[in-house]
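Asker: Before anything else, here's the structure in question.
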Amino acid sequence: MKKIRVQFSVNGQAQTLELHPLERLLDVLREQLHLTGTKEGCGEGECGACSVVVNGRIVNSCLVPVAQVEGATIKTIEGVASGEQLHAVQQAFIECGGAQCGICTPGMVMAAMDLLERNPNPGDADIRNGLAGNLCRCTGYMKIFESVVRACQKQV
Ligand code: FES
Ligand code: FES
């Protein structure tokens, strides 16, 4: 298949790449741009490990052909902290032990940030719903849940 030129921005940096239009955004981020914080779990849209934000909406980057992000503004886990200053969600994951092996963690952080942007004061059910698309094999979810609660408290 013929390559096309695709332009988009990632974490505030403009990118112009020659790519096969059906290449997965996940692979482009990891292999071409070396942004390996975004993880691959299932590769089928089921686990949320590959979550990134495209034009303000959280998406599973394993399901996005790169042709679809022409002109888009993309944020990955590498763009979440401000320099040395971690985002409140990242800090809360550290303080509450919300990460173990870490494969799900970038996606969980992106999902939690997305939730808090839409609803800065979520209830327990809102948090569970907000993280429902993200799977974790390690933590049993309780520490992740507590991390999001802690992040809410930090924001107020
Ligand atoms: S790797 Fe994309 S949803 Fe699992
Ligand atoms: S910390 Fe290992 S999958 Fe969640």
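As shown in the structure tokens, the chain order sets the letters A, B, ...; within each chain, residues go from 1, and ligands are also counted from 1 in the order they appear.
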Once you count only C-alpha atoms, what closest atom pair and distance in Å to one decimal does each residue of segment 23-91 of chain A within 10 Å of segment 127-139 of chain A have, with rows by chain and rising residue number, as a tab-separated table?

Answerer:
residue	atom	partner	partner_atom	distance
A:Gly41	CA	A:Leu135	CA	9.0
A:Cys42	CA	A:Leu135	CA	9.8
A:Gly45	CA	A:Gly133	CA	8.9
A:Glu46	CA	A:Gly133	CA	7.0
A:Cys47	CA	A:Leu135	CA	4.9
A:Gly48	CA	A:Asn134	CA	4.4
A:Ala49	CA	A:Asn134	CA	6.7
A:Cys50	CA	A:Asn134	CA	9.4
A:Ser51	CA	A:Asn134	CA	8.7
A:Asn60	CA	A:Gly133	CA	9.5

Asker: Please save N, CA and C atoms of the selected residues as a PDB file, in the first residue's frame.

Answerer:
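Writing the result to part.pdb gives the following:
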ATOM      1  N   GLY A  41      -1.738  -3.950  25.152  1.00  0.00           N
ATOM      2  CA  GLY A  41      -2.185  -5.113  25.913  1.00  0.00           C
ATOM      3  C   GLY A  41      -2.804  -6.110  24.959  1.00  0.00           C
ATOM      4  N   CYS A  42      -4.083  -5.889  24.647  1.00  0.00           N
ATOM      5  CA  CYS A  42      -4.829  -6.854  23.836  1.00  0.00           C
ATOM      6  C   CYS A  42      -4.674  -6.616  22.335  1.00  0.00           C
ATOM      7  N   GLY A  45      -8.823  -3.420  21.295  1.00  0.00           N
ATOM      8  CA  GLY A  45      -9.790  -2.452  21.814  1.00  0.00           C
ATOM      9  C   GLY A  45     -10.483  -2.869  23.094  1.00  0.00           C
ATOM     10  N   GLU A  46      -9.930  -3.861  23.796  1.00  0.00           N
ATOM     11  CA  GLU A  46     -10.619  -4.368  24.981  1.00  0.00           C
ATOM     12  C   GLU A  46      -9.992  -3.937  26.310  1.00  0.00           C
ATOM     13  N   CYS A  47      -8.710  -3.536  26.318  1.00  0.00           N
ATOM     14  CA  CYS A  47      -8.027  -3.396  27.617  1.00  0.00           C
ATOM     15  C   CYS A  47      -7.692  -1.969  28.017  1.00  0.00           C
ATOM     16  N   GLY A  48      -7.631  -1.046  27.073  1.00  0.00           N
ATOM     17  CA  GLY A  48      -7.354   0.353  27.409  1.00  0.00           C
ATOM     18  C   GLY A  48      -5.893   0.678  27.675  1.00  0.00           C
ATOM     19  N   ALA A  49      -4.998  -0.294  27.570  1.00  0.00           N
ATOM     20  CA  ALA A  49      -3.573  -0.018  27.842  1.00  0.00           C
ATOM     21  C   ALA A  49      -3.004   1.006  26.867  1.00  0.00           C
ATOM     22  N   CYS A  50      -3.606   1.105  25.693  1.00  0.00           N
ATOM     23  CA  CYS A  50      -3.083   1.962  24.623  1.00  0.00           C
ATOM     24  C   CYS A  50      -3.787   3.311  24.569  1.00  0.00           C
ATOM     25  N   SER A  51      -4.498   3.682  25.653  1.00  0.00           N
ATOM     26  CA  SER A  51      -5.316   4.905  25.622  1.00  0.00           C
ATOM     27  C   SER A  51      -4.479   6.160  25.423  1.00  0.00           C
ATOM     28  N   ASN A  60      -8.703   4.278  22.039  1.00  0.00           N
ATOM     29  CA  ASN A  60      -7.773   3.141  22.056  1.00  0.00           C
ATOM     30  C   ASN A  60      -6.911   3.241  20.797  1.00  0.00           C
TER      31      ASN A  60
END

Asker: So which bits of segment 19-73 of chain A end up strand (DSSP E) when you DSSP the backbone, as a PyMOL selection string?

Answerer: chain A and resi 19+51-54+57-60+73

Asker: Need to verify the contact set: Arg24 of chain A, 10 Å, only C-alpha atoms, exclusion of same-chain residues closer than 5 positions in sequence. Can you return it as JSON, numbers by chain?

Answerer: {"A": [19, 29, 43, 61, 62, 63, 64, 65, 66, 67, 68]}

Asker: Go through A:Ser147, A:Gln32, A:Gln85, A:Thr76 one by one, measure the shortest atom-to-atom distance of each to Val52 of chain A using only C-alpha atoms, and give the residue with the smallest value.

Answerer: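 Going through A:Ser147, A:Gln32, A:Gln85, A:Thr76 one by one, the smallest distance to Val52 of chain A is for A:Thr76.
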
Asker: I'd like to know which of A:Val69, A:Val10, A:Ile144, A:Val89 is closest to Cys104 of chain A, using only C-alpha atoms.

Answerer: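 Of all the options, A:Ile144 lies closest to Cys104 of chain A.
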
Asker: Between A:Ile103, A:Leu86, A:Ala151, A:Ala112, single out the one closest to ligand 2, counting only C-alpha atoms and all ligand atoms.

Answerer: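 Of A:Ile103, A:Leu86, A:Ala151, A:Ala112, the one nearest ligand 2, counting only C-alpha atoms and all ligand atoms, is A:Ile103.
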
Asker: As a PyMOL selection string, please: all residues of segment 105-138 of chain A that backbone DSSP puts in alpha helix (DSSP H).

Answerer: chain A and resi 105-118+124-130

Asker: Do you know which residues are at most 9 Å from Ala72 of chain A counting only C-alpha atoms, after dropping those on the same chain fewer than 5 positions away, and could you put them as a ChimeraX atom specification?

Answerer: /A:7-10,54-55

Asker: Between atom CA of Val28 of chain A and atom CA of Met110 of chain A, what is the distance, to one decimal in Å?

Answerer: 18.4 Å

Asker: Under the rule that only C-alpha atoms are counted, which of A:Gly79, A:Gly37, A:Gly107, A:Gly56 is the nearest residue to Gly12 of chain A?

Answerer: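 Smallest separation from Gly12 of chain A among the options: A:Gly79.
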
Asker: For each of A:Ile94, A:Leu33, A:Val59, A:Ala14, take the minimum atom-to-atom distance to ligand 1, counting only C-alpha atoms and all ligand atoms, then give the residue where this is smallest.

Answerer: A:Val59

Asker: To one decimal in Å, tell me the separation between atom CA of Lys143 of chain A and atom CA of Asn11 of chain A.

Answerer: 27.9 Å

Asker: So which residues touch Val53 of chain A within 6 Å, counting only C-alpha atoms, skipping near sequence neighbours fewer than 5 positions away, as a list in words?

Answerer: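 Counting only the stated atoms, we get Ile58, Ile74 and Lys75 of chain A.
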
Asker: Those residues with N, CA, C and O atoms, as a compact mmCIF listing (two decimals), in the first residue's frame please?

Answerer:
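Result file result.txt:
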# COMPACT_ATOMS: atom_id res chain seq x y z
N ILE A 58 -10.70 10.50 24.57
CA ILE A 58 -9.83 9.36 24.84
C ILE A 58 -10.17 8.24 23.86
O ILE A 58 -11.35 7.97 23.59
N ILE A 74 -2.81 15.34 19.63
CA ILE A 74 -2.75 14.08 20.38
C ILE A 74 -1.97 14.30 21.67
O ILE A 74 -0.95 14.99 21.68
N LYS A 75 -2.49 13.72 22.74
CA LYS A 75 -1.73 13.73 24.00
C LYS A 75 -1.50 12.29 24.44
O LYS A 75 -2.43 11.48 24.45

Asker: With distances taken over only C-alpha atoms and all ligand atoms, which of A:Thr73, A:Met108, A:Gln91, A:Lys3 is nearest to ligand 1?

Answerer: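 Closest candidate: A:Met108.
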